[in-house]
Amino acid sequence: MRAARPKAALAAVAVAALAVAGCAESDRGDSSGSTKDTLIFGVAGDPKVLDPGLASDGESLRVARQVFETLVRPEEGGTKVTPGLAESWTPDAAGTTWTFKLRSGVKFHDGTDFNAEAVCANFNRWYNAKGLMQSPDVTAYWQDVMGGFAANENKELPPSLFKSCTAKDATTVDLSFTRVSSKIPAALMLPSFSIHSPKALEQYQASNITGSADDIKYPSYAMEHPTGTGPFKFKSWDVANKTLTLERNEDYYGNKAKLKTLIFKTISDENARKQALRSGDIQGYDLVGPADVEPLKKDGFNVLTRPAFNILYLAINQKGNPKLADVRVRQAIAHALNRQALVDSKLPPGAKVAENFMPDTVEGWNGDVTKYDYNPEKAKQLLAAAGASNLTLRFHYPTEVTRPYMPNPKDIFELLSADLKAVGINVQAIPLKWSPDYLNATTSGTKHDLHFLGWTGDYGDAYNFIGTFFDRPKDEWGFTNKALFDQFKDADTTADAAARTEKYKALNKAVMDFLPGVPVSHSPPAIVFGKDVTGVKASPLTDERFATAEFKS
Amino acid sequence: MSGVATPGRKKAEKIDRLAELSAAHDDERGVSLWQEAFRRLRRNPAAITGAAILMLFVLVAVFGPFLVPYATTDTIGVREGLVKSGQGIIPGSSADHWLGFDHQGRDEFSRLVVGARQTLLVGVVSTLVGLAVGALIGGIAGAAAGIGGRWGRWIDTTLMRIVDMLLALPSLLLAVSIAALLGASLVTVMIAVGMISVPVFARLLRGSMIAQAGSDYVLAATALGVRKSKIALTHIVPNSLAPVIVQATLTLATAIIEAAALSFLGLGNPDSAVPEWGVMLADAQPYLGTRPALAIYPAVAIIITALGFTLLGEAMREALDPKLRK
Amino acid sequence: MFRFIVRRLLQVIPTLFGLSILLFIWLHRLPGGPETAILGERGTPEMRAAIRRNLGLDEPILVQYGRFMKRLIQFDLGTSTSTKREVTTEFLQRFPGTVELTVMAMLIAIGLGIPLGYLAARRRGTIVDHASVAGSLIGICIPVFFLAYVLKAVFAENLGWLPSAGRQDPTIGATRITNFFVLDGLMTREWDAAADALIHLILPGLALASIPLAVIVRITRASVLEVLGEDFVRTAEAKGLTESVVRRRHVLRNAMLPVATSIGLLTGQLLSGAVLTETVFAFSGIGAFLADAISQRDYPVLQGFILIIALVYVLVNLVVDVSYTLIDPRVRVR
């Protein structure tokens with residue numbers, strides 16, 4: 001074997017690689033003119049499934065929002081319920097049956113007609129789910145909104161809110177419910193209630209989740225054949241390259257998408273997304289680090305700030321430490337925290353200190369609740385009065401995660417725990433990995449005293465915030481307050497919207513008096529697009545529609 | 001297996017070579033080996049550079065925390081409203097704060113200085129963990145091989161099979177899964193990083209023991225009727241020490257880097273009350289765009305320190321190995 | 001020879017069997033399970049319990065292991081709990097990326113490392129020597145993920161020469177056959193796709209190459225120095241052969257042996273670096289996927305991937321052993 005030969009060969013390969021690099025580099029430059037109708041958008045994770053009825057993760061829903069449509073949809077850039085596939089809707093006198101007047105002339109991507117029958121086929125599919133389709137991770141949003149199914153296989157599931165669907169004529173459909181609920185119609189905006197082509201559902205056996213134990217097999221519909229009515233059609237999912245490609249629906253009934261191709265590219269590392277945008281590999285990305293907002297703006301990128309539709313709160317577990325059952329101790333904790341300093345120093349521009357456990361853009365927000373200003377002296381007095389001057393609390397916090405409501409949990413913990421220490425509370429720091437340790441520890445058991453967590457609203461209804469947190473006993477908070485729970489139930493079953501709003505206001509006041517925890521902040525998440533990309537409107541529900549995106553020349 | 005040099009085996013051989021050196025120096029007392037090596041080291045510029053870096057590092061680690069101008073947990077910048085890291089505002093150097101603030105408004109210079117101690121601690125303890133566990137496994141295997149017999153050989157072979165398997169495993173994945181098992185904490189980092197070097201030390205100790213058991217001076221001492229425990233104390237232990245120290249010096253460098261990698265993956269020590277360079281580097285990631293210096297300072301500190309350990313370690317290996325000497 | 005191979009292959013079975021038991025116990029001892037990762041903030045204890053039931057995680061570990069083995073002997077590794085795809089499919093989609101990345105890194109390390117090491121040895125004591133030795137030391141001491149960010153900041157962000165993320169420009173719409181993108185491009189004659197995949201390999205390859213490059217420079221240098229001191233080189237020089245002839249025929253050929261063996265070792269160790277490199281470059285490979293699987297407690301993926309990797313490792317070692325025997329008749333198989 002001649003030793004020199006391989007070396008020469010290697011040198012040749014290296015030179016060739018560089019030469020190729022050079023050529024293709026010029027390609028990259030030249031082709032930019034012709035690819036102006038293709039947008040590559042960086043996302044933080046791969047979608048899980050393409051059937052939004054089976055999805056609850058943000059990335060799956062982002063794709064669904066381009067491919068599918070719902071009966072009602074949020075207004076662009078807001079949370080109000082506006083027409084989607086339905087042009088109008090009205091409840092009956094009892095408030096349990098809603099009549100939807102459907103848009104006509106709409107076709108699914110497979111060419112079949114959208115009509116009342118199709119709507120009922122979809123609702124019946126969800127309602128009649130069997131076996132693994134009833135698993136809480138598979139139909140998460142259905143269970144969240146509707147509770148149970150036609151035949152609940154798990155005894156713990158509540159009875160279904162949904163009762164029946166009737167197609168009165170091609171464009172009129174009646175949805176009946178078992179009781180009045182605050183969730184209707186707002187919850188029907190969720191992408192999980194997207195209307196699929198009944199033909200495609202059948203053809204690709206969409207409801208056929210098979211297998212058992214750790215070998216659950218998803219139907220090909222959910223992985224390869226999503227068929228909706230939206231402005232984009234699914235084209236391909238290239239797992240090996242972490243990209244998912246959508247293409248324009250040329251037969252769309254409304255304004256056709258301006259982009260010919262829309263590609264979602266997974267880049268999990270936040271810095272890597274930023275570097276990819278700056279290098280021109282992608283033309284936009286989501287989950288922008290707060291520290292990057294201003295620099296990116298300065299460099300001419302289109303940074304869109306979503307209205308804050310989330311809440312970060314400090315949870316107090318009354319079962320953790322008996323002293324915490326004393327409202328004075330909880331008040332002391334609230335007074336000890338310098339939330340304004342936290343918002344100023346750690347959160348992106350536009351963030352606010354929270355006064356309710358929900359953002360002020362939602363109906364039912366109450367400005368007239370008990371407020372707990374930063375007052376370390378008062379905190380010390382309250383602690384002394386409650387006989388809890390030498391309190392030691394186990395404070396859990398997650399180590400590596402960014403959520404829209406908390407861009408930097410470790411930093412937030414450090415500031416909050418410094419505040420607590422300043423009033424004489426001993427803080428025992430318990431850092432845990434977000435998934436699964438932290439979520440496990442803070443939502444079950446009694447080993448946690450303090451932790452923070454948050455929520456991004458699914459739709460614009462107060463119950464989706466405060467009801468989710470406080471309408472039943474939860475291990476996260478460790479209290480049972482029957483009066484409060486009843487008050488929630490009453491509000492949820494109030495049919496009249498105006499009366500319900502008043503009840504929500506009262507609830508917010510009751511919650512802030514009872515003080516199960518301390519609402520900390522509302523933080524506006526940012527989304528960024530390339531310098532020459534316009535047309536996308538930031539949505540508080542992360543319901544950005546890429547159909548309106550275009551490259552300006 | 002046949003007696004050929006497969007890649008995995010090659011790494012083992014490299015460790016074995018180091019182990020054999022302990023027996024190569026046929027002397028009455030372990031001391032002269034040291035004197036000879038030390039003399040050689042003094043003439044090697046690389047060794048002197050390495051030693052100087054380490055001397056500085058240790059001095060900073062020991063005395064630094066007493067001399068820094070600010071407490072490492074004092075969020076002065078946030079209190080005074082100067083630092084708004086959520087908006088990308090983190091002021092740099094000033095007369096009062098030589099290297100500016102970190103993202104939490106703390107004095108970066110003070111944290112960097114105090115960080116030396118924690119970094120040294122992580123490096124040393126994790127190396128000791130690796131050394132202790134490795135020495136235990138290697139010692140048992142070596143002793144079993146020395147005793148011989150069917151069982152002795154079986155124990156030796158089984159232990160070494162496991163060690164070889166660990167050597168072949170991607171070290172970072174091992175550390176990641178240990179960190180997942182134990183939860184994030186300072187102790188976890190030390191154990192996880194330490195476990196990476198267990199197979200290396202195990203192999204080294206075993207090889208060293210076997211090499212010496214067959215060496216002339218041990219045979220001679222045994223023939224003269226010297227007690228076994230005395231042979232172990234006066235010959236085997238001092239002679240095994242040299243390669244162990246060399247390997248430990250080299251391991252310290254990698255330990256500091258691996259600890260940084262764990263922090264990057266979100267599995268490092270989450271408590272930033274006491275700063276550590278790896279954690280500081282990982283914490284600076286969100287601010288690479290706004291203030292890259294926050295990443296560059298700890299990164300450079302890590303590189304220089306690791307360089308110091310590597311320089312000294314390699315020079316010591318050369319000094320001990322007659323084959324590498326020129 | 002045939003009997004040797006058969007015996008070695010038979011030895012693989014108990015090894016993998018033992019490994020699978022160890023893995024199973026180890027993984028199921030990790031606190032928390034996939035159910036929390038799946039549900040996120042929405043999870044309630046009841047929902048988590050329901051998912052554990054569905055995944056069969058509430059059964060005794062022996063039953064779970066039995067089920068795993070039963071499927072394994074049918075060559076079925078189960079389905080990922082996080083991606084809902086079959087473990088085998090996931091592996092075939094992600095392993096090629098890691099292989100391409102590793103090969104690229106080794107090509108860079110060898111292509112730069114051997115000439116540098118040789119030069120350093122020939123010009124011993126000069127600035128070239130000191131620079132390569134110092135450079136290689138820094139290569140070992142720099143944290144890989146930091147180097148990766150620096151490389152991207154310089155070559156992608158500022159100079160704009162190279163892409164910073166992914167394996168290929170998705171707008172090309174390349175055909176996939178083997179998921180080895182470069183290979184696929186060559187097979188389908190989509191030259192631009194192959195070239196683009198190569199370009200995407202340069203920066204991650206460089207970052208991953210830092211450690212092997214440093215090691216190869218040092219080993220080459222040491223080994224060349226040793227050979228230069230040997231009698232046969234001096235004889236050759238005394239004979240009046242030109243420097244290039246001495247270099248080709250004598251020095252390099254003899255110095256390459258230790259380098260060649262170290263290359264094999266380094267390739268195996270690259271997977272650790274790949275975890276970080278793949279994360280930072282959003283490069284679809286098994287390193288980052290495995291690290292994710294650990295935090296997602298994706299048991300089927302962890303079990304399946306590690307078993308396949310172990311199998312590949314054992315088989316590669318077997319091939320190496322056999323080829324050594326064929327090349328060098330002095331090495332006899334027992």
# chains A, B, ... in the order shown; residues from 1 in each chain; ligands from 1

$ closest_atom_pairs --of "chain C" --to "chain A" --cutoff "6 Å" --atoms "only C-alpha atoms" --output "Markdown table"
| residue | atom | partner | partner_atom | distance |
| --- | --- | --- | --- | --- |
| C:Gly32 | CA | A:Pro436 | CA | 5.5 |
| C:Thr36 | CA | A:Pro436 | CA | 5.0 |
| C:Ala37 | CA | A:Ser435 | CA | 5.3 |
| C:Met47 | CA | A:Pro136 | CA | 5.7 |
| C:Asn54 | CA | A:Ala213 | CA | 5.5 |
| C:Leu55 | CA | A:Ala213 | CA | 4.0 |
| C:Gly56 | CA | A:Ala213 | CA | 4.4 |
| C:Gly78 | CA | A:Asp215 | CA | 4.8 |
| C:Thr79 | CA | A:Asp215 | CA | 4.8 |
| C:Thr83 | CA | A:Lys48 | CA | 5.6 |
| C:Gln93 | CA | A:Ala240 | CA | 5.0 |
| C:Arg94 | CA | A:Ala240 | CA | 5.8 |
| C:Gly111 | CA | A:Leu10 | CA | 5.7 |
| C:Ala156 | CA | A:Ser279 | CA | 5.2 |
| C:Glu157 | CA | A:Ser279 | CA | 4.6 |
| C:Gly160 | CA | A:Ser279 | CA | 5.9 |
| C:Ser164 | CA | A:Ala276 | CA | 5.6 |
| C:Arg167 | CA | A:Asn241 | CA | 5.8 |
| C:Ile199 | CA | A:Ala21 | CA | 5.5 |
| C:Arg248 | CA | A:Ala4 | CA | 5.9 |
| C:Arg253 | CA | A:Ala3 | CA | 4.9 |
| C:Val280 | CA | A:Ala272 | CA | 6.0 |
| C:Ala282 | CA | A:Ile267 | CA | 5.0 |
| C:Ser284 | CA | A:Ala240 | CA | 5.9 |

$ write_last_selection --atoms "C-alpha atoms" --output "PDB file, in the first residue's frame"
ATOM      1  CA  GLY C  32     -40.649  10.195  35.704  1.00  0.00           C
ATOM      2  CA  THR C  36     -45.260  13.838  31.667  1.00  0.00           C
ATOM      3  CA  ALA C  37     -43.239  14.748  28.620  1.00  0.00           C
ATOM      4  CA  MET C  47     -54.304  11.736  32.775  1.00  0.00           C
ATOM      5  CA  ASN C  54     -51.994   2.644  27.749  1.00  0.00           C
ATOM      6  CA  LEU C  55     -48.234   2.335  27.417  1.00  0.00           C
ATOM      7  CA  GLY C  56     -48.226  -0.706  29.678  1.00  0.00           C
ATOM      8  CA  GLY C  78     -41.722  -0.799  18.883  1.00  0.00           C
ATOM      9  CA  THR C  79     -42.896   2.766  18.348  1.00  0.00           C
ATOM     10  CA  THR C  83     -42.741  10.897  17.520  1.00  0.00           C
ATOM     11  CA  GLN C  93     -33.954   8.369   8.922  1.00  0.00           C
ATOM     12  CA  ARG C  94     -31.458   9.726  11.414  1.00  0.00           C
ATOM     13  CA  GLY C 111      -6.925  15.758   5.365  1.00  0.00           C
ATOM     14  CA  ALA C 156     -22.449  31.904   8.172  1.00  0.00           C
ATOM     15  CA  GLU C 157     -23.559  35.131   9.826  1.00  0.00           C
ATOM     16  CA  GLY C 160     -22.348  34.368   4.499  1.00  0.00           C
ATOM     17  CA  SER C 164     -25.649  27.415   9.442  1.00  0.00           C
ATOM     18  CA  ARG C 167     -28.582  18.955   6.228  1.00  0.00           C
ATOM     19  CA  ILE C 199     -21.841  22.244   1.860  1.00  0.00           C
ATOM     20  CA  ARG C 248       7.116   8.961   0.363  1.00  0.00           C
ATOM     21  CA  ARG C 253       4.608   4.779   5.049  1.00  0.00           C
ATOM     22  CA  VAL C 280     -26.174  23.410  17.577  1.00  0.00           C
ATOM     23  CA  ALA C 282     -30.003  21.567  13.838  1.00  0.00           C
ATOM     24  CA  SER C 284     -30.840  15.563  11.968  1.00  0.00           C
TER      25      SER C 284
END

$ interface_residues --of "chain A" --to "chain B" --cutoff "6 Å" --atoms "only C-alpha atoms" --output "PyMOL selection string"
chain A and resi 290-291+345-348+400

$ write_last_selection --atoms "N, CA and C atoms" --output "CSV table (one decimal), in the first residue's frame"
chain,number,residue,atom,x,y,z
A,290,PRO,N,-36.0,37.0,24.5
A,290,PRO,CA,-36.3,38.4,24.8
A,290,PRO,C,-35.2,39.3,24.6
A,291,ALA,N,-34.0,38.8,24.9
A,291,ALA,CA,-32.8,39.6,24.7
A,291,ALA,C,-32.5,39.9,23.3
A,345,SER,N,-36.5,43.9,34.5
A,345,SER,CA,-35.2,43.5,34.1
A,345,SER,C,-35.1,42.2,33.3
A,346,LYS,N,-36.1,41.3,33.5
A,346,LYS,CA,-36.0,40.0,32.9
A,346,LYS,C,-36.9,39.7,31.7
A,347,LEU,N,-38.0,40.5,31.6
A,347,LEU,CA,-39.0,40.2,30.6
A,347,LEU,C,-38.8,41.1,29.4
A,348,PRO,N,-39.3,40.7,28.3
A,348,PRO,CA,-39.2,41.6,27.1
A,348,PRO,C,-40.0,42.8,27.2
A,400,GLU,N,-34.1,23.9,32.5
A,400,GLU,CA,-33.8,24.2,31.1
A,400,GLU,C,-35.1,24.2,30.3

$ select_by_dssp --residues "segment 163-309 of chain A" --states "helix (DSSP H, G or I)" --output "VMD selection string"
chain A and resid 186 to 189 191 to 193 198 to 203 220 to 224 239 to 241 270 to 279 290 to 298

$ select_by_dssp --residues "segment 186-396 of chain A" --states "strand (DSSP E)" --output "ChimeraX atom specification"
/A:232-238,243-248,261-266,284-286,302-305,310-316,352-353,392-396

$ residues_around --residues "Phe479 of chain A" --least-positions-apart "2" --cutoff "9 Å" --atoms "only C-alpha atoms" --output "list of chain:residue names"
A:Asn317, A:Gln318, A:Lys319, A:Ala325, A:Pro473, A:Lys474, A:Asp475, A:Glu476, A:Trp477, A:Asn481, A:Pro516

$ write_last_selection --atoms "N, CA and C atoms" --output "PDB file, in the first residue's frame"
ATOM      1  N   ASN A 317     -48.520  25.896  47.541  1.00  0.00           N
ATOM      2  CA  ASN A 317     -49.215  24.644  47.842  1.00  0.00           C
ATOM      3  C   ASN A 317     -49.570  24.608  49.326  1.00  0.00           C
ATOM      4  N   GLN A 318     -50.868  24.689  49.617  1.00  0.00           N
ATOM      5  CA  GLN A 318     -51.284  24.782  51.021  1.00  0.00           C
ATOM      6  C   GLN A 318     -51.118  23.466  51.758  1.00  0.00           C
ATOM      7  N   LYS A 319     -50.959  22.373  50.981  1.00  0.00           N
ATOM      8  CA  LYS A 319     -50.721  21.092  51.646  1.00  0.00           C
ATOM      9  C   LYS A 319     -49.238  20.868  51.885  1.00  0.00           C
ATOM     10  N   ALA A 325     -51.414  27.474  54.696  1.00  0.00           N
ATOM     11  CA  ALA A 325     -52.873  27.508  54.709  1.00  0.00           C
ATOM     12  C   ALA A 325     -53.370  28.807  55.344  1.00  0.00           C
ATOM     13  N   PRO A 473     -60.358  20.849  43.197  1.00  0.00           N
ATOM     14  CA  PRO A 473     -59.149  20.653  44.007  1.00  0.00           C
ATOM     15  C   PRO A 473     -58.021  20.132  43.130  1.00  0.00           C
ATOM     16  N   LYS A 474     -56.851  20.726  43.238  1.00  0.00           N
ATOM     17  CA  LYS A 474     -55.703  20.267  42.448  1.00  0.00           C
ATOM     18  C   LYS A 474     -54.480  20.164  43.353  1.00  0.00           C
ATOM     19  N   ASP A 475     -53.680  19.156  43.081  1.00  0.00           N
ATOM     20  CA  ASP A 475     -52.464  18.968  43.880  1.00  0.00           C
ATOM     21  C   ASP A 475     -51.493  20.128  43.730  1.00  0.00           C
ATOM     22  N   GLU A 476     -51.626  20.848  42.618  1.00  0.00           N
ATOM     23  CA  GLU A 476     -50.716  21.964  42.418  1.00  0.00           C
ATOM     24  C   GLU A 476     -50.893  23.013  43.512  1.00  0.00           C
ATOM     25  N   TRP A 477     -52.157  23.225  43.951  1.00  0.00           N
ATOM     26  CA  TRP A 477     -52.435  24.284  44.931  1.00  0.00           C
ATOM     27  C   TRP A 477     -52.717  23.723  46.318  1.00  0.00           C
ATOM     28  N   ASN A 481     -61.804  24.590  48.393  1.00  0.00           N
ATOM     29  CA  ASN A 481     -62.590  25.754  48.759  1.00  0.00           C
ATOM     30  C   ASN A 481     -63.918  25.622  48.028  1.00  0.00           C
ATOM     31  N   PRO A 516     -54.614  32.010  46.269  1.00  0.00           N
ATOM     32  CA  PRO A 516     -54.020  30.670  46.224  1.00  0.00           C
ATOM     33  C   PRO A 516     -52.566  30.698  45.754  1.00  0.00           C
TER      34      PRO A 516
END

$ closest_residue --among "B:Ala175, B:Leu166, B:Leu181, B:Leu120" --to "chain C" --atoms "only C-alpha atoms"
B:Leu181

$ residues_around --residues "Ala213 of chain B" --least-positions-apart "4" --cutoff "9 Å" --atoms "only C-alpha atoms" --output "MDAnalysis selection string"
chainID B and resid 23 146 208:209 218:219 236

$ write_last_selection --atoms "C-alpha atoms" --output "short mmCIF file (atom, residue, chain, number, x, y, z; two decimals), in the first residue's frame"
data_model
loop_
_atom_site.label_atom_id
_atom_site.label_comp_id
_atom_site.auth_asym_id
_atom_site.auth_seq_id
_atom_site.Cartn_x
_atom_site.Cartn_y
_atom_site.Cartn_z
CA ALA B 23 7.20 -1.28 36.44
CA GLY B 146 -2.82 -11.98 40.64
CA SER B 208 -0.04 -1.31 36.72
CA MET B 209 -0.59 -3.96 39.37
CA VAL B 218 8.87 -7.37 43.51
CA LEU B 219 10.00 -10.90 42.78
CA ILE B 236 3.72 -1.18 44.31
#

$ residues_around --residues "Gly304 of chain C" --least-positions-apart "6" --cutoff "9 Å" --atoms "only C-alpha atoms" --output "mmCIF file with N, CA and C atoms, in the first residue's frame"
data_model
loop_
_atom_site.group_PDB
_atom_site.id
_atom_site.type_symbol
_atom_site.label_atom_id
_atom_site.label_comp_id
_atom_site.auth_asym_id
_atom_site.auth_seq_id
_atom_site.Cartn_x
_atom_site.Cartn_y
_atom_site.Cartn_z
ATOM 1 N N LEU C 77 -38.938 -3.183 16.954
ATOM 2 C CA LEU C 77 -38.410 -2.450 18.107
ATOM 3 C C LEU C 77 -39.449 -1.532 18.732
ATOM 4 N N GLY C 78 -40.686 -1.620 18.270
ATOM 5 C CA GLY C 78 -41.722 -0.799 18.883
ATOM 6 C C GLY C 78 -41.832 0.574 18.245
ATOM 7 N N VAL C 87 -39.510 2.751 15.692
ATOM 8 C CA VAL C 87 -38.132 3.004 16.080
ATOM 9 C C VAL C 87 -37.183 2.716 14.918
ATOM 10 N N THR C 88 -37.456 1.639 14.188
ATOM 11 C CA THR C 88 -36.589 1.296 13.061
ATOM 12 C C THR C 88 -36.629 2.400 12.006
ATOM 13 N N PHE C 91 -34.616 5.296 13.137
ATOM 14 C CA PHE C 91 -33.179 5.047 13.053
ATOM 15 C C PHE C 91 -32.702 5.226 11.611
#

$ atom_distance --atom1 "atom CA of Arg125 of chain A" --atom2 "atom CA of Thr112 of chain A"
17.8 Å

$ closest_atom_pairs --of "segment 173-225 of chain A" --to "segment 87-111 of chain A" --cutoff "10 Å" --atoms "only C-alpha atoms" --output "Markdown table"
| residue | atom | partner | partner_atom | distance |
| --- | --- | --- | --- | --- |
| A:Val173 | CA | A:Phe100 | CA | 5.3 |
| A:Asp174 | CA | A:Thr99 | CA | 4.5 |
| A:Leu175 | CA | A:Trp98 | CA | 5.3 |
| A:Ser176 | CA | A:Thr97 | CA | 4.2 |
| A:Phe177 | CA | A:Thr96 | CA | 5.1 |
| A:Thr178 | CA | A:Thr96 | CA | 6.7 |
| A:Arg179 | CA | A:Thr96 | CA | 5.7 |
| A:Val180 | CA | A:Thr96 | CA | 5.3 |
| A:Ser181 | CA | A:Thr96 | CA | 8.1 |
| A:Ile184 | CA | A:Trp98 | CA | 8.7 |
| A:Pro185 | CA | A:Trp98 | CA | 8.4 |
| A:Ile195 | CA | A:Phe108 | CA | 9.3 |
| A:His196 | CA | A:Phe108 | CA | 7.7 |
| A:Ser197 | CA | A:Phe108 | CA | 5.9 |
| A:Pro198 | CA | A:Phe108 | CA | 9.3 |
| A:Lys199 | CA | A:Asp110 | CA | 8.3 |
| A:Ala200 | CA | A:Asp110 | CA | 7.5 |

$ closest_residue --among "B:Ile178, B:Leu205, B:Met316, B:Val274" --to "chain C" --atoms "only C-alpha atoms"
B:Ile178

$ residues_around --residues "Val58 of chain B" --least-positions-apart "2" --cutoff "8 Å" --atoms "only C-alpha atoms" --output "list of chain:residue names"
B:Leu54, B:Met55, B:Leu56, B:Val60, B:Ala61, B:Val62, B:Ala116, B:Arg117, B:Leu120

$ write_last_selection --atoms "C-alpha atoms" --output "PDB file, in the first residue's frame"
ATOM      1  CA  LEU B  54      -2.049  25.912  36.965  1.00  0.00           C
ATOM      2  CA  MET B  55      -0.227  27.768  39.713  1.00  0.00           C
ATOM      3  CA  LEU B  56      -2.078  30.938  38.769  1.00  0.00           C
ATOM      4  CA  VAL B  60      -6.974  32.483  42.115  1.00  0.00           C
ATOM      5  CA  ALA B  61      -9.143  29.592  43.238  1.00  0.00           C
ATOM      6  CA  VAL B  62      -7.787  29.691  46.780  1.00  0.00           C
ATOM      7  CA  ALA B 116     -12.154  29.441  39.459  1.00  0.00           C
ATOM      8  CA  ARG B 117     -12.653  27.777  42.826  1.00  0.00           C
ATOM      9  CA  LEU B 120     -11.369  23.529  40.279  1.00  0.00           C
TER      10      LEU B 120
END

$ closest_residue --among "B:Pro170, B:Gly308, B:Gly115, B:Pro292" --to "chain C" --atoms "only C-alpha atoms"
B:Pro170

$ residues_around --residues "segment 20-24 of chain C" --least-positions-apart "5" --cutoff "9 Å" --atoms "only C-alpha atoms" --output "list in words"
Thr15, Arg29, Ile61, Tyr65, Met69, Tyr299, Leu302, Gln303, Ile306 and Leu307 of chain C

$ atom_distance --atom1 "atom CA of Arg3 of chain C" --atom2 "atom CA of Asp156 of chain B"
26.7 Å

$ atom_distance --atom1 "atom CA of Lys130 of chain A" --atom2 "atom CA of Ala206 of chain A"
12.3 Å

$ closest_residue --among "B:Ala221, B:Met160, B:Leu131, B:Leu172" --to "Leu271 of chain C" --atoms "only C-alpha atoms"
B:Leu172
